Amino acid sequence: MISPAAICQIEIPVSDIEVSLQFYEHVFGWRRSPAEIQEYVVLETPEAPNLGDSAASCGAIGVSLIPGATSVGRSGDAHTVLYFRVDDPEEIARRAVTFGGTKRFGPRKVPSYGEIWRITDPDGNQFGLFKAVSLDP
C-alpha cells in the first residue's frame with residue numbers, strides 16, 4: 001500500500017522557466033536550488049510539518065520545474081506528476097499493468113540520488129515512483 005504521506009517529489013511542467021521561477025518564488029516562497037537533476041530545475045521547499053503523534057515528520061517534498069512544456073492546460077499533455085517514495089517500485093509497476101495501467105519507464109537511475117519509475121492509471125494519470133540510493137557499501 002502506498003500512503004499519500006509517501007509523496008516525496010512533484011514535477012511541474014513549464015513553458016518558460018524564468019517566468020515560472022519568478023511565480024513560484026514570489027507566490028509560494030520556493031527558490032531555485034543549486035541541485036542539478038538532468039534538465040530539471042529543483043526548487044527549495046520548506047520541511048513539511050509533523051502530522052501528529054502517530055505520524056513521523058514527512059521531511060521536505062522535492063519540487064522540480066520541467067522546462068520545455070509546449071501545451072499546458074486541458075487540451076495539452078503537460079501535467080503535474082506526484083512521486084511516491086517506495087521500497088519496491090518494480091512490484092508496484094507490475095501491479096499497475098495488471099490492473100489496467102501502464103509502465104511508462106523505469107528504472108531510470110540518477111547517480112547519488114536513486115532510481116525513478118513512471119506509471120499511469122487506467123485513465124492515463126501519471127505517477128512517479130522513487131527508490132532512494134542505498135548508502136551502504
# chains A, B, ... in the order shown; residues from 1 in each chain; ligands from 1
>>> closest_atom_pairs(of="segment 61-114 of chain A", to="segment 3-18 of chain A", cutoff="6 Å", atoms="only C-alpha atoms", output="Markdown table")
| residue | atom | partner | partner_atom | distance |
| --- | --- | --- | --- | --- |
| A:Ile61 | CA | A:Cys8 | CA | 4.8 |
| A:Gly62 | CA | A:Gln9 | CA | 4.4 |
| A:Val63 | CA | A:Ile10 | CA | 4.8 |
| A:Ser64 | CA | A:Glu11 | CA | 4.9 |
| A:Leu65 | CA | A:Ile12 | CA | 5.0 |
| A:Ile66 | CA | A:Pro13 | CA | 4.6 |
| A:Pro67 | CA | A:Val14 | CA | 5.3 |
| A:Gly68 | CA | A:Ser15 | CA | 5.2 |
| A:Ala69 | CA | A:Ser15 | CA | 4.6 |
| A:Thr70 | CA | A:Ser15 | CA | 5.9 |
| A:Thr80 | CA | A:Ile12 | CA | 4.7 |
| A:Val81 | CA | A:Glu11 | CA | 5.0 |
| A:Leu82 | CA | A:Ile10 | CA | 4.6 |
| A:Tyr83 | CA | A:Gln9 | CA | 4.7 |
| A:Phe84 | CA | A:Ile7 | CA | 4.3 |
| A:Arg85 | CA | A:Ala6 | CA | 5.4 |
>>> write_last_selection(atoms="C-alpha atoms", output="mmCIF file, in the first residue's frame")
data_model
loop_
_atom_site.group_PDB
_atom_site.id
_atom_site.type_symbol
_atom_site.label_atom_id
_atom_site.label_comp_id
_atom_site.auth_asym_id
_atom_site.auth_seq_id
_atom_site.Cartn_x
_atom_site.Cartn_y
_atom_site.Cartn_z
ATOM 1 C CA ILE A 61 8.960 17.377 -0.507
ATOM 2 C CA GLY A 62 11.004 17.985 -3.634
ATOM 3 C CA VAL A 63 9.544 20.201 -6.333
ATOM 4 C CA SER A 64 11.085 20.356 -9.794
ATOM 5 C CA LEU A 65 10.176 22.542 -12.756
ATOM 6 C CA ILE A 66 10.445 20.691 -16.068
ATOM 7 C CA PRO A 67 11.339 23.144 -18.854
ATOM 8 C CA GLY A 68 10.046 22.799 -22.369
ATOM 9 C CA ALA A 69 6.345 22.118 -21.808
ATOM 10 C CA THR A 70 4.617 23.118 -25.024
ATOM 11 C CA THR A 80 1.974 17.635 -12.794
ATOM 12 C CA VAL A 81 3.451 14.343 -11.540
ATOM 13 C CA LEU A 82 3.456 13.252 -7.892
ATOM 14 C CA TYR A 83 6.333 10.960 -6.910
ATOM 15 C CA PHE A 84 5.960 8.452 -4.086
ATOM 16 C CA ARG A 85 8.923 7.090 -2.101
#
>>> residues_around(residues="segment 109-119 of chain A", least_positions_apart="6", cutoff="10 Å", atoms="only C-alpha atoms", output="PyMOL selection string")
chain A and resi 37-38+81-85+89-90+92-94+96-97+101-103+125-135
>>> atom_distance(atom1="atom CA of Phe23 of chain A", atom2="atom CA of His79 of chain A")
17.4 Å
>>> select_by_dssp(residues="chain A", states="strand (DSSP E or B)", output="number ranges by chain")
A: 7-14, 31-37, 40-44, 47-48, 59-60, 62-67, 81-85, 102-110, 114-120, 126-132
>>> write_last_selection(atoms="C-alpha atoms", output="CSV table (one decimal), in the first residue's frame")
chain,number,residue,atom,x,y,z
A,7,ILE,CA,4.8,11.8,-1.6
A,8,CYS,CA,8.4,12.9,-2.0
A,9,GLN,CA,8.6,14.7,-5.3
A,10,ILE,CA,6.3,16.8,-7.5
A,11,GLU,CA,7.2,17.6,-11.1
A,12,ILE,CA,5.6,20.7,-12.7
A,13,PRO,CA,5.9,21.2,-16.5
A,14,VAL,CA,6.5,24.8,-17.5
A,31,ARG,CA,13.6,29.4,-4.6
A,32,ARG,CA,15.9,27.8,-7.1
A,33,SER,CA,18.1,25.2,-5.6
A,34,PRO,CA,21.7,24.7,-6.7
A,35,ALA,CA,20.9,20.9,-7.1
A,36,GLU,CA,21.1,19.6,-10.6
A,37,ILE,CA,19.0,16.6,-11.7
A,40,TYR,CA,15.0,19.8,-14.1
A,41,VAL,CA,15.2,23.0,-12.1
A,42,VAL,CA,14.9,21.9,-8.5
A,43,LEU,CA,13.2,24.3,-6.0
A,44,GLU,CA,13.9,24.6,-2.3
A,47,GLU,CA,10.1,21.0,5.5
A,48,ALA,CA,6.6,19.5,5.8
A,59,GLY,CA,10.6,15.9,5.6
A,60,ALA,CA,10.9,18.2,2.6
A,62,GLY,CA,11.0,18.0,-3.6
A,63,VAL,CA,9.5,20.2,-6.3
A,64,SER,CA,11.1,20.4,-9.8
A,65,LEU,CA,10.2,22.5,-12.8
A,66,ILE,CA,10.4,20.7,-16.1
A,67,PRO,CA,11.3,23.1,-18.9
A,81,VAL,CA,3.5,14.3,-11.5
A,82,LEU,CA,3.5,13.3,-7.9
A,83,TYR,CA,6.3,11.0,-6.9
A,84,PHE,CA,6.0,8.5,-4.1
A,85,ARG,CA,8.9,7.1,-2.1
A,102,THR,CA,0.9,1.2,-17.9
A,103,LYS,CA,4.6,1.3,-17.0
A,104,ARG,CA,5.9,4.4,-18.9
A,105,PHE,CA,9.6,3.9,-17.9
A,106,GLY,CA,11.9,2.7,-15.2
A,107,PRO,CA,14.2,2.1,-13.6
A,108,ARG,CA,15.9,5.3,-14.6
A,109,LYS,CA,19.0,5.7,-12.4
A,110,VAL,CA,20.0,9.1,-11.2
A,114,GLY,CA,18.2,6.8,-6.6
A,115,GLU,CA,16.0,5.5,-9.3
A,116,ILE,CA,12.8,6.7,-10.7
A,117,TRP,CA,9.9,5.0,-12.5
A,118,ARG,CA,6.7,6.3,-14.0
A,119,ILE,CA,3.4,4.5,-14.2
A,120,THR,CA,-0.1,5.5,-15.3
A,126,GLN,CA,0.8,9.6,-14.3
A,127,PHE,CA,2.5,8.9,-11.0
A,128,GLY,CA,6.2,8.6,-10.2
A,129,LEU,CA,7.9,6.1,-8.0
A,130,PHE,CA,11.2,6.8,-6.3
A,131,LYS,CA,13.6,4.5,-4.6
A,132,ALA,CA,16.5,6.1,-2.8
>>> select_by_dssp(residues="chain A", states="alpha helix (DSSP H)", output="PyMOL selection string")
chain A and resi 17-23+89-98
>>> write_last_selection(atoms="C-alpha atoms", output="short mmCIF file (atom, residue, chain, number, x, y, z; two decimals), in the first residue's frame")
data_model
loop_
_atom_site.label_atom_id
_atom_site.label_comp_id
_atom_site.auth_asym_id
_atom_site.auth_seq_id
_atom_site.Cartn_x
_atom_site.Cartn_y
_atom_site.Cartn_z
CA ILE A 17 11.47 28.58 -16.86
CA GLU A 18 12.29 32.18 -15.87
CA VAL A 19 8.64 33.24 -15.65
CA SER A 20 7.88 30.10 -13.63
CA LEU A 21 10.83 30.67 -11.28
CA GLN A 22 9.50 34.17 -10.55
CA PHE A 23 5.99 32.80 -9.97
CA PRO A 89 8.91 0.20 -7.49
CA GLU A 90 9.20 -2.82 -9.78
CA GLU A 91 6.41 -4.64 -7.93
CA ILE A 92 4.20 -1.55 -7.96
CA ALA A 93 4.78 -1.08 -11.71
CA ARG A 94 3.87 -4.74 -12.25
CA ARG A 95 0.62 -4.29 -10.30
CA ALA A 96 -0.18 -1.11 -12.26
CA VAL A 97 0.00 -3.07 -15.52
CA THR A 98 -2.02 -5.96 -14.05
#
>>> atom_distance(atom1="atom CA of Asp88 of chain A", atom2="atom CA of Ile2 of chain A")
10.7 Å
>>> atom_distance(atom1="atom CA of Thr45 of chain A", atom2="atom CA of Asp121 of chain A")
27.7 Å
